[in-house]
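Report on the following structure.
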Amino acid sequence: MTVTTISPSKFAELRNQGGKMELIDVRTPVEFREIHIDIAKNVPLDQLDPKAVMQARNGTTNEPLYFVCKMGGRGQQACEKFINAGFTNVVNIEGGTTACADAGVPVVRGKKAMSLERQVRIAAGFLVLTGTVLGWFVHPIFYGIPAFVGSGLIFAGITDTCGMGMVLARMPWNQCGDTASCAVVK
């Protein structure tokens, strides 16, 4: 089954009609704290449990459950997770929070943070440079580091999942010390 998507403008239109909508933002707590749609609840993708979320919906399981991330990729993965668990009434917002903000959907802005995608680029670049320098000056075996990173980037591009991003999302600087300020819902 394919994932149902909705444009930010259509989402804004439905939202303005005043009905009850449930929206889960699957980004890290720090990304969520930086900017999020005002009605969104934060449940990071790596902590998302479809059965628990559906049980907590209090009788609204017939209504669509919307997902959003920064640009749409993690929202798509969240929808696939729900579909694989047998819950099909899920919708991914195309373009994510960025496109929603551009479309005029009300957002809450907080403390600025470095995006997960930027962290991945920095970490990958650092590992490639370090492996190359070590391979040149210490021992050629260190050329395996940039080869490993390159393989990981190819895999990430093909599968649209990023192992390095998943690891970085769990790092302390991507977590909030004060969960109330991040509005994390589990």
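Each chain in the structure tokens gets a letter, A, B and so on, in the order shown; residues start at 1 in every chain, and ligands are counted from 1 in the order they appear.
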
Find the residues near stretch 84-86 of chain A: any atom within 8 Å, counting only C-alpha atoms, skip ones fewer than 3 places away on the same chain, and give them as a short mmCIF file (atom, residue, chain, number, x, y, z; two decimals) with all heavy atoms, in the first residue's frame.
data_model
loop_
_atom_site.label_atom_id
_atom_site.label_comp_id
_atom_site.auth_asym_id
_atom_site.auth_seq_id
_atom_site.Cartn_x
_atom_site.Cartn_y
_atom_site.Cartn_z
N PRO A 50 3.40 2.53 16.82
CA PRO A 50 2.06 2.66 16.25
C PRO A 50 0.93 2.21 17.16
O PRO A 50 -0.09 2.90 17.29
CB PRO A 50 2.14 1.81 14.98
CG PRO A 50 3.57 1.83 14.59
CD PRO A 50 4.32 1.84 15.90
N LYS A 51 1.08 1.05 17.79
CA LYS A 51 0.01 0.54 18.65
C LYS A 51 -0.26 1.48 19.83
O LYS A 51 -1.41 1.77 20.14
CB LYS A 51 0.36 -0.86 19.13
CG LYS A 51 0.23 -1.91 18.03
CD LYS A 51 0.50 -3.31 18.57
CE LYS A 51 0.30 -4.40 17.58
NZ LYS A 51 0.92 -4.36 16.32
N GLU A 80 4.75 4.65 6.79
CA GLU A 80 5.04 3.26 6.42
C GLU A 80 5.05 2.37 7.65
O GLU A 80 4.56 1.23 7.61
CB GLU A 80 6.36 3.18 5.67
CG GLU A 80 6.30 3.79 4.29
CD GLU A 80 7.66 3.96 3.63
OE1 GLU A 80 8.71 3.66 4.26
OE2 GLU A 80 7.69 4.40 2.46
N LYS A 81 5.57 2.88 8.76
CA LYS A 81 5.60 2.13 10.02
C LYS A 81 4.18 1.81 10.47
O LYS A 81 3.90 0.69 10.90
CB LYS A 81 6.34 2.98 11.07
CG LYS A 81 6.95 2.25 12.20
CD LYS A 81 7.76 3.23 13.06
CE LYS A 81 8.71 2.52 13.94
NZ LYS A 81 9.49 3.40 14.81
#

**Request:** Would you mind writing down, as a VMD selection string, each residue of chain A that DSSP on the backbone assigns to strand (DSSP E)?
**Result:** chain A and resid 4 to 6 22 to 25 35 to 37 40 to 42 65 to 68 90 to 93 107 to 109

**Message:** Could you list, as number ranges by chain, every residue within 10 Å of stretch 52-58 of chain A, counting only C-alpha atoms and ignoring same-chain residues fewer than 4 positions away?
**Reply:** A: 22, 24, 43, 48, 62-63, 65, 82, 87, 186

What are the closest atom pairs, with distances in Å to one decimal, for all residues of stretch 88-148 of chain A lying within 6 Å of stretch 2-18 of chain A? Consider only C-alpha atoms, order rows by chain and residue number, and present the result as CSV.
residue,atom,partner,partner_atom,distance
A:Val91,CA,A:Thr4,CA,5.0
A:Asn92,CA,A:Thr5,CA,4.7
A:Ile93,CA,A:Ile6,CA,5.0
A:Glu94,CA,A:Ser7,CA,5.3
A:Cys100,CA,A:Pro8,CA,5.0
A:Ala103,CA,A:Ser9,CA,5.9
A:Val105,CA,A:Ala12,CA,5.7

Using only C-alpha atoms, tabulate the residues of stretch 136-171 of chain A lying at most 9 Å from any atom of stretch 111-127 of chain A, each with its closest atom pair and that distance in Å to one decimal, by chain and increasing residue number, as a tab-separated table.
residue	atom	partner	partner_atom	distance
A:Ile145	CA	A:Leu127	CA	6.8
A:Pro146	CA	A:Leu127	CA	6.5
A:Val149	CA	A:Ala124	CA	6.5
A:Gly150	CA	A:Ala124	CA	8.5
A:Leu153	CA	A:Ala124	CA	8.5
A:Cys162	CA	A:Val120	CA	8.8
A:Met164	CA	A:Val120	CA	6.5
A:Gly165	CA	A:Val120	CA	5.9
A:Leu168	CA	A:Leu116	CA	7.3
A:Ala169	CA	A:Leu116	CA	7.0

**Request:** Could you check how far atom CA of A:Ala40 sits from atom CA of A:Asp25, in Å to one decimal?
**Result:**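 Separation of atom CA of A:Ala40 and atom CA of A:Asp25: 5.9 Å.
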
**Request:** Point out the residue among A:Gly104, A:Gly152, A:Gly19, A:Pro29 with the least atom-to-atom distance to A:Pro64, counting only C-alpha atoms.
**Result:** A:Gly19

**Request:** Would you mind writing down, as a VMD selection string, each residue of stretch 54-181 of chain A that DSSP on the backbone assigns to alpha helix (DSSP H)?
**Result:** chain A and resid 54 to 55 73 to 84 96 to 102 116 to 137 144 to 159 163 to 169 179 to 181

**Asked** Which residue, A:Glu34, A:Leu129, A:Ile83, A:Ala78, has the smallest gap to A:Thr97 when you use only C-alpha atoms?
**Response** A:Glu34

**Message:** Report, in Å with one decimal, the straight-line distance from atom CA of A:Val108 to atom CA of A:Asp38.
**Reply:** 5.5 Å

**Prompt:** From the list A:Ile35, A:His139, A:Asp46, A:Thr130, which residue is nearest A:Ala101 when using only C-alpha atoms?
**Reply:**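 Ranking A:Ile35, A:His139, A:Asp46, A:Thr130 by distance to A:Ala101, first place goes to A:Ile35.
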
**Message:** For a quick check of understanding, using only C-alpha atoms, which of A:Ile158, A:Met1, A:Met71, A:Ala147 has the smallest distance to A:Glu31?
**Reply:**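 For A:Glu31, the nearest of the candidates is A:Met71.
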
**Request:** May I ask which of the residues A:Gly73, A:Asn42, A:Trp173, A:Gly96 is the closest one to A:Ala156, counting only C-alpha atoms?
**Result:** A:Gly73

**Prompt:** Can you tell me how far atom CA of A:Tyr66 sits from atom CA of A:Asn89, in Å to one decimal?
**Reply:** 8.8 Å
